[in-house]
Amino acid sequence: MNHPAFSSLKLANAQLKNLENLGYQHMTPIQAQSLPWILQGRDVIAQAKTGSGKTAAFGIGLLERIHAKYFGCQALILCPTRELAAQVANEIRKLARYQHNIKVLTLCGGMPIGPQIGSLAHGAHIIVGTPGRIQDHLRKATLDISQVKTLVLDEADRMLDMGFAEAIADIVQYTPVQRQTLLFSATYPQGIQAISAGYQQDPVTIKVEEQV
Ligand code: ADP
Ligand code: MG
């Protein structure tokens, strides 16, 4: 069965062209089910196994809301590890290729903080980071997320396993109440419900079951 083409969504022509160049023709099931809601601005909980294309689901959605001319952080993506943050940042850079001047910055622990502060001073539209380091920057006031339009909790199940629940709660306090909150996860443990109830408004829940 073929899933809908990206061209069935209301995306800029340049983005459709870019997706075509990336070899993305049809949406994956999680993309087909979540993107229409994400593009409407709804909060979404999306559960699908690893490798199902979750990054492009939230990436395409958040890129639609970025204003390139404003250099403040407009989207914040929290990931459990430095490696995952790097992968997500790479994918978003590919998806953003048609939009010139959109800057994606990673802020992760285990890296010196000085250069991160330097990069932040130049401005970044999209920040991908691990919760601990994002908290460090918020405490130092080297990061301003008060204008964030989209907050993504990627691999939320793993972030909970790693004990980031409190850090996430702290970070959310620095974001505007009027924001879109997207929660992506490979599994759906108990704690996810609490995270959703705490930070999302009237979320749409999407689960893509594994095909047998
Ligand atoms: P997940 O976050 O669900 O584990 P990823 O977002 O990392 O999955 O995507 C897995 C791979 O699928 C990536 O290499 C990505 O470039 C590719 N991909 C995503 N969406 C599509 C698509 N619609 N068509 C083709 N490849 C895609
Ligand atoms: Mg992922």
# chains A, B, ... in the order shown; residues from 1 in each chain; ligands from 1
>>> residues_around(residues="A:Ile66", least_positions_apart="2", cutoff="12 Å", atoms="only C-alpha atoms", output="PDB file with N, CA and C atoms, in the first residue's frame")
ATOM      1  N   GLY A  59       9.924  17.705  12.056  1.00  0.00           N
ATOM      2  CA  GLY A  59      10.804  18.665  11.389  1.00  0.00           C
ATOM      3  C   GLY A  59      10.091  19.481  10.324  1.00  0.00           C
ATOM      4  N   ILE A  60       9.330  18.813   9.471  1.00  0.00           N
ATOM      5  CA  ILE A  60       8.593  19.523   8.413  1.00  0.00           C
ATOM      6  C   ILE A  60       7.573  20.457   9.060  1.00  0.00           C
ATOM      7  N   GLY A  61       6.938  19.973  10.116  1.00  0.00           N
ATOM      8  CA  GLY A  61       5.937  20.785  10.809  1.00  0.00           C
ATOM      9  C   GLY A  61       6.539  22.039  11.415  1.00  0.00           C
ATOM     10  N   LEU A  62       7.628  21.890  12.129  1.00  0.00           N
ATOM     11  CA  LEU A  62       8.165  23.070  12.816  1.00  0.00           C
ATOM     12  C   LEU A  62       8.789  24.060  11.842  1.00  0.00           C
ATOM     13  N   LEU A  63       9.347  23.554  10.734  1.00  0.00           N
ATOM     14  CA  LEU A  63       9.966  24.456   9.750  1.00  0.00           C
ATOM     15  C   LEU A  63       8.939  25.400   9.127  1.00  0.00           C
ATOM     16  N   GLU A  64       7.695  24.931   9.021  1.00  0.00           N
ATOM     17  CA  GLU A  64       6.632  25.775   8.468  1.00  0.00           C
ATOM     18  C   GLU A  64       6.398  27.027   9.314  1.00  0.00           C
ATOM     19  N   ALA A  68      12.552  33.194   9.183  1.00  0.00           N
ATOM     20  CA  ALA A  68      14.006  33.275   9.019  1.00  0.00           C
ATOM     21  C   ALA A  68      14.558  34.635   9.447  1.00  0.00           C
ATOM     22  N   LYS A  69      13.732  35.676   9.285  1.00  0.00           N
ATOM     23  CA  LYS A  69      14.238  37.029   9.576  1.00  0.00           C
ATOM     24  C   LYS A  69      14.397  37.301  11.064  1.00  0.00           C
ATOM     25  N   TYR A  70      13.724  36.522  11.876  1.00  0.00           N
ATOM     26  CA  TYR A  70      13.871  36.696  13.325  1.00  0.00           C
ATOM     27  C   TYR A  70      14.857  35.647  13.835  1.00  0.00           C
ATOM     28  N   PHE A  71      15.949  36.104  14.423  1.00  0.00           N
ATOM     29  CA  PHE A  71      17.027  35.184  14.761  1.00  0.00           C
ATOM     30  C   PHE A  71      16.928  34.560  16.152  1.00  0.00           C
ATOM     31  N   GLY A  72      15.775  34.716  16.810  1.00  0.00           N
ATOM     32  CA  GLY A  72      15.599  34.076  18.108  1.00  0.00           C
ATOM     33  C   GLY A  72      15.193  32.622  17.943  1.00  0.00           C
ATOM     34  N   CYS A  73      15.314  31.863  19.031  1.00  0.00           N
ATOM     35  CA  CYS A  73      14.953  30.444  19.011  1.00  0.00           C
ATOM     36  C   CYS A  73      13.436  30.289  18.909  1.00  0.00           C
ATOM     37  N   GLN A  74      12.982  29.653  17.836  1.00  0.00           N
ATOM     38  CA  GLN A  74      11.543  29.468  17.603  1.00  0.00           C
ATOM     39  C   GLN A  74      11.113  28.020  17.735  1.00  0.00           C
ATOM     40  N   ALA A  75      12.077  27.109  17.751  1.00  0.00           N
ATOM     41  CA  ALA A  75      11.760  25.692  17.965  1.00  0.00           C
ATOM     42  C   ALA A  75      12.842  25.076  18.830  1.00  0.00           C
ATOM     43  N   LEU A  76      12.399  24.329  19.837  1.00  0.00           N
ATOM     44  CA  LEU A  76      13.338  23.650  20.738  1.00  0.00           C
ATOM     45  C   LEU A  76      13.015  22.161  20.709  1.00  0.00           C
ATOM     46  N   ALA A  96      15.628  21.677   5.915  1.00  0.00           N
ATOM     47  CA  ALA A  96      15.597  23.147   5.875  1.00  0.00           C
ATOM     48  C   ALA A  96      16.407  23.710   4.721  1.00  0.00           C
ATOM     49  N   GLN A  99      15.200  26.550   2.676  1.00  0.00           N
ATOM     50  CA  GLN A  99      14.962  27.823   3.366  1.00  0.00           C
ATOM     51  C   GLN A  99      16.327  28.370   3.733  1.00  0.00           C
ATOM     52  N   HIS A 100      16.752  29.399   3.068  1.00  0.00           N
ATOM     53  CA  HIS A 100      18.094  29.905   3.337  1.00  0.00           C
ATOM     54  C   HIS A 100      18.117  30.573   4.693  1.00  0.00           C
ATOM     55  N   ASN A 101      19.283  30.610   5.267  1.00  0.00           N
ATOM     56  CA  ASN A 101      19.505  31.368   6.504  1.00  0.00           C
ATOM     57  C   ASN A 101      18.807  30.813   7.739  1.00  0.00           C
ATOM     58  N   ILE A 102      18.360  29.569   7.682  1.00  0.00           N
ATOM     59  CA  ILE A 102      17.812  29.011   8.919  1.00  0.00           C
ATOM     60  C   ILE A 102      18.931  28.277   9.635  1.00  0.00           C
ATOM     61  N   LYS A 103      19.162  28.709  10.871  1.00  0.00           N
ATOM     62  CA  LYS A 103      20.284  28.152  11.610  1.00  0.00           C
ATOM     63  C   LYS A 103      19.796  27.126  12.644  1.00  0.00           C
ATOM     64  N   VAL A 104      20.425  25.963  12.616  1.00  0.00           N
ATOM     65  CA  VAL A 104      20.107  24.887  13.559  1.00  0.00           C
ATOM     66  C   VAL A 104      21.338  24.686  14.434  1.00  0.00           C
ATOM     67  N   ALA A 124      20.055  31.585  16.703  1.00  0.00           N
ATOM     68  CA  ALA A 124      19.732  30.301  16.068  1.00  0.00           C
ATOM     69  C   ALA A 124      18.225  30.172  16.063  1.00  0.00           C
ATOM     70  N   HIS A 125      17.692  29.721  14.946  1.00  0.00           N
ATOM     71  CA  HIS A 125      16.233  29.579  14.841  1.00  0.00           C
ATOM     72  C   HIS A 125      15.740  28.312  15.518  1.00  0.00           C
ATOM     73  N   ILE A 126      16.552  27.256  15.407  1.00  0.00           N
ATOM     74  CA  ILE A 126      16.132  25.948  15.914  1.00  0.00           C
ATOM     75  C   ILE A 126      17.243  25.413  16.808  1.00  0.00           C
ATOM     76  N   ILE A 127      16.886  24.983  17.997  1.00  0.00           N
ATOM     77  CA  ILE A 127      17.878  24.413  18.906  1.00  0.00           C
ATOM     78  C   ILE A 127      17.513  22.965  19.211  1.00  0.00           C
ATOM     79  N   GLN A 147      10.361  32.757  23.099  1.00  0.00           N
ATOM     80  CA  GLN A 147       9.608  32.975  21.847  1.00  0.00           C
ATOM     81  C   GLN A 147       9.414  31.674  21.072  1.00  0.00           C
ATOM     82  N   VAL A 148       9.611  30.543  21.772  1.00  0.00           N
ATOM     83  CA  VAL A 148       9.499  29.243  21.100  1.00  0.00           C
ATOM     84  C   VAL A 148       8.057  28.986  20.668  1.00  0.00           C
ATOM     85  N   LYS A 149       7.901  28.586  19.415  1.00  0.00           N
ATOM     86  CA  LYS A 149       6.565  28.264  18.915  1.00  0.00           C
ATOM     87  C   LYS A 149       6.299  26.768  18.988  1.00  0.00           C
ATOM     88  N   THR A 150       7.369  25.980  18.791  1.00  0.00           N
ATOM     89  CA  THR A 150       7.225  24.523  18.814  1.00  0.00           C
ATOM     90  C   THR A 150       8.228  23.919  19.784  1.00  0.00           C
TER      91      THR A 150
END
>>> residues_near_ligand(ligand="ligand 2", cutoff="10 Å", atoms="only C-alpha atoms and all ligand atoms", output="mmCIF file with N, CA and C atoms, in the first residue's frame")
data_model
loop_
_atom_site.group_PDB
_atom_site.id
_atom_site.type_symbol
_atom_site.label_atom_id
_atom_site.label_comp_id
_atom_site.auth_asym_id
_atom_site.auth_seq_id
_atom_site.Cartn_x
_atom_site.Cartn_y
_atom_site.Cartn_z
ATOM 1 N N ALA A 48 5.690 5.498 17.329
ATOM 2 C CA ALA A 48 6.025 4.584 16.233
ATOM 3 C C ALA A 48 7.453 4.120 16.460
ATOM 4 N N LYS A 49 7.724 2.922 15.940
ATOM 5 C CA LYS A 49 9.028 2.324 16.226
ATOM 6 C C LYS A 49 10.182 3.138 15.615
ATOM 7 N N THR A 50 11.367 2.830 16.070
ATOM 8 C CA THR A 50 12.580 3.481 15.578
ATOM 9 C C THR A 50 12.716 3.265 14.068
ATOM 10 N N GLY A 51 13.121 4.289 13.376
ATOM 11 C CA GLY A 51 13.343 4.193 11.931
ATOM 12 C C GLY A 51 12.099 4.456 11.099
ATOM 13 N N SER A 52 11.032 4.945 11.742
ATOM 14 C CA SER A 52 9.780 5.137 11.012
ATOM 15 C C SER A 52 9.608 6.557 10.466
ATOM 16 N N GLY A 53 10.617 7.390 10.654
ATOM 17 C CA GLY A 53 10.546 8.734 10.061
ATOM 18 C C GLY A 53 9.920 9.785 10.961
ATOM 19 N N LYS A 54 10.104 9.625 12.261
ATOM 20 C CA LYS A 54 9.506 10.576 13.201
ATOM 21 C C LYS A 54 10.159 11.964 13.092
ATOM 22 N N THR A 55 11.447 12.002 12.808
ATOM 23 C CA THR A 55 12.135 13.305 12.761
ATOM 24 C C THR A 55 11.530 14.218 11.692
ATOM 25 N N ALA A 56 11.287 13.658 10.492
ATOM 26 C CA ALA A 56 10.716 14.496 9.434
ATOM 27 C C ALA A 56 9.288 14.902 9.785
ATOM 28 N N ALA A 57 8.568 14.061 10.536
ATOM 29 C CA ALA A 57 7.199 14.424 10.928
ATOM 30 C C ALA A 57 7.213 15.731 11.716
ATOM 31 N N PHE A 58 8.040 15.804 12.752
ATOM 32 C CA PHE A 58 8.041 17.071 13.494
ATOM 33 C C PHE A 58 8.873 18.134 12.791
ATOM 34 N N CYS A 79 16.288 15.964 23.183
ATOM 35 C CA CYS A 79 16.638 14.580 22.857
ATOM 36 C C CYS A 79 17.384 13.973 24.041
ATOM 37 N N LEU A 84 21.826 11.295 19.446
ATOM 38 C CA LEU A 84 20.490 11.467 18.858
ATOM 39 C C LEU A 84 20.245 12.923 18.482
ATOM 40 N N ALA A 85 20.733 13.840 19.312
ATOM 41 C CA ALA A 85 20.570 15.269 18.996
ATOM 42 C C ALA A 85 21.303 15.595 17.695
ATOM 43 N N GLN A 87 21.937 13.552 15.210
ATOM 44 C CA GLN A 87 21.169 12.959 14.094
ATOM 45 C C GLN A 87 19.964 13.814 13.738
ATOM 46 N N VAL A 88 19.251 14.266 14.767
ATOM 47 C CA VAL A 88 18.063 15.089 14.535
ATOM 48 C C VAL A 88 18.464 16.405 13.864
ATOM 49 N N GLU A 91 19.178 15.838 10.186
ATOM 50 C CA GLU A 91 17.949 15.630 9.403
ATOM 51 C C GLU A 91 17.222 16.964 9.198
ATOM 52 N N ASP A 154 11.544 14.587 21.896
ATOM 53 C CA ASP A 154 11.823 13.448 21.024
ATOM 54 C C ASP A 154 12.340 12.297 21.871
ATOM 55 N N GLU A 155 11.964 11.087 21.515
ATOM 56 C CA GLU A 155 12.355 9.904 22.289
ATOM 57 C C GLU A 155 12.001 10.134 23.762
ATOM 58 N N ALA A 156 10.760 10.547 23.963
ATOM 59 C CA ALA A 156 10.302 10.897 25.308
ATOM 60 C C ALA A 156 10.435 9.712 26.268
ATOM 61 N N PHE A 184 7.172 12.712 20.873
ATOM 62 C CA PHE A 184 7.465 11.558 20.029
ATOM 63 C C PHE A 184 8.124 10.472 20.847
ATOM 64 N N SER A 185 7.711 9.233 20.595
ATOM 65 C CA SER A 185 8.205 8.146 21.418
ATOM 66 C C SER A 185 8.123 6.826 20.655
ATOM 67 N N ALA A 186 9.025 5.909 20.959
ATOM 68 C CA ALA A 186 8.964 4.587 20.318
ATOM 69 C C ALA A 186 8.034 3.664 21.100
#
>>> residues_around(residues="A:Ile192", least_positions_apart="4", cutoff="10 Å", atoms="only C-alpha atoms", output="NGL selection string")
:A and (45 or 156-157 or 160 or 165 or 183-185 or 187-188 or 196-198)
>>> select_by_dssp(residues="chain A", states="helix (DSSP H, G or I)", output="number ranges by chain")
A: 6-8, 13-21, 29-39, 54-63, 82-95, 113-122, 131-140, 156-161, 165-172, 190-199
>>> atom_distance(atom1="atom CA of A:Ile77", atom2="atom CA of A:Val152")
4.6 Å
>>> closest_residue(among="A:Arg82, A:Arg42, A:His122, A:Arg133", to="A:Asp202", atoms="only C-alpha atoms")
A:Arg42
>>> closest_residue(among="A:Arg179, A:His26, A:Arg93, A:Arg139", to="ligand 1", atoms="only C-alpha atoms and all ligand atoms")
A:His26
>>> closest_residue(among="A:Ile117, A:Ile195, A:Ala12, A:Val44", to="A:Lys207", atoms="only C-alpha atoms")
A:Val44
>>> closest_residue(among="A:Lys10, A:Lys140, A:Lys94, A:Arg65", to="ligand 1", atoms="only C-alpha atoms and all ligand atoms")
A:Lys94
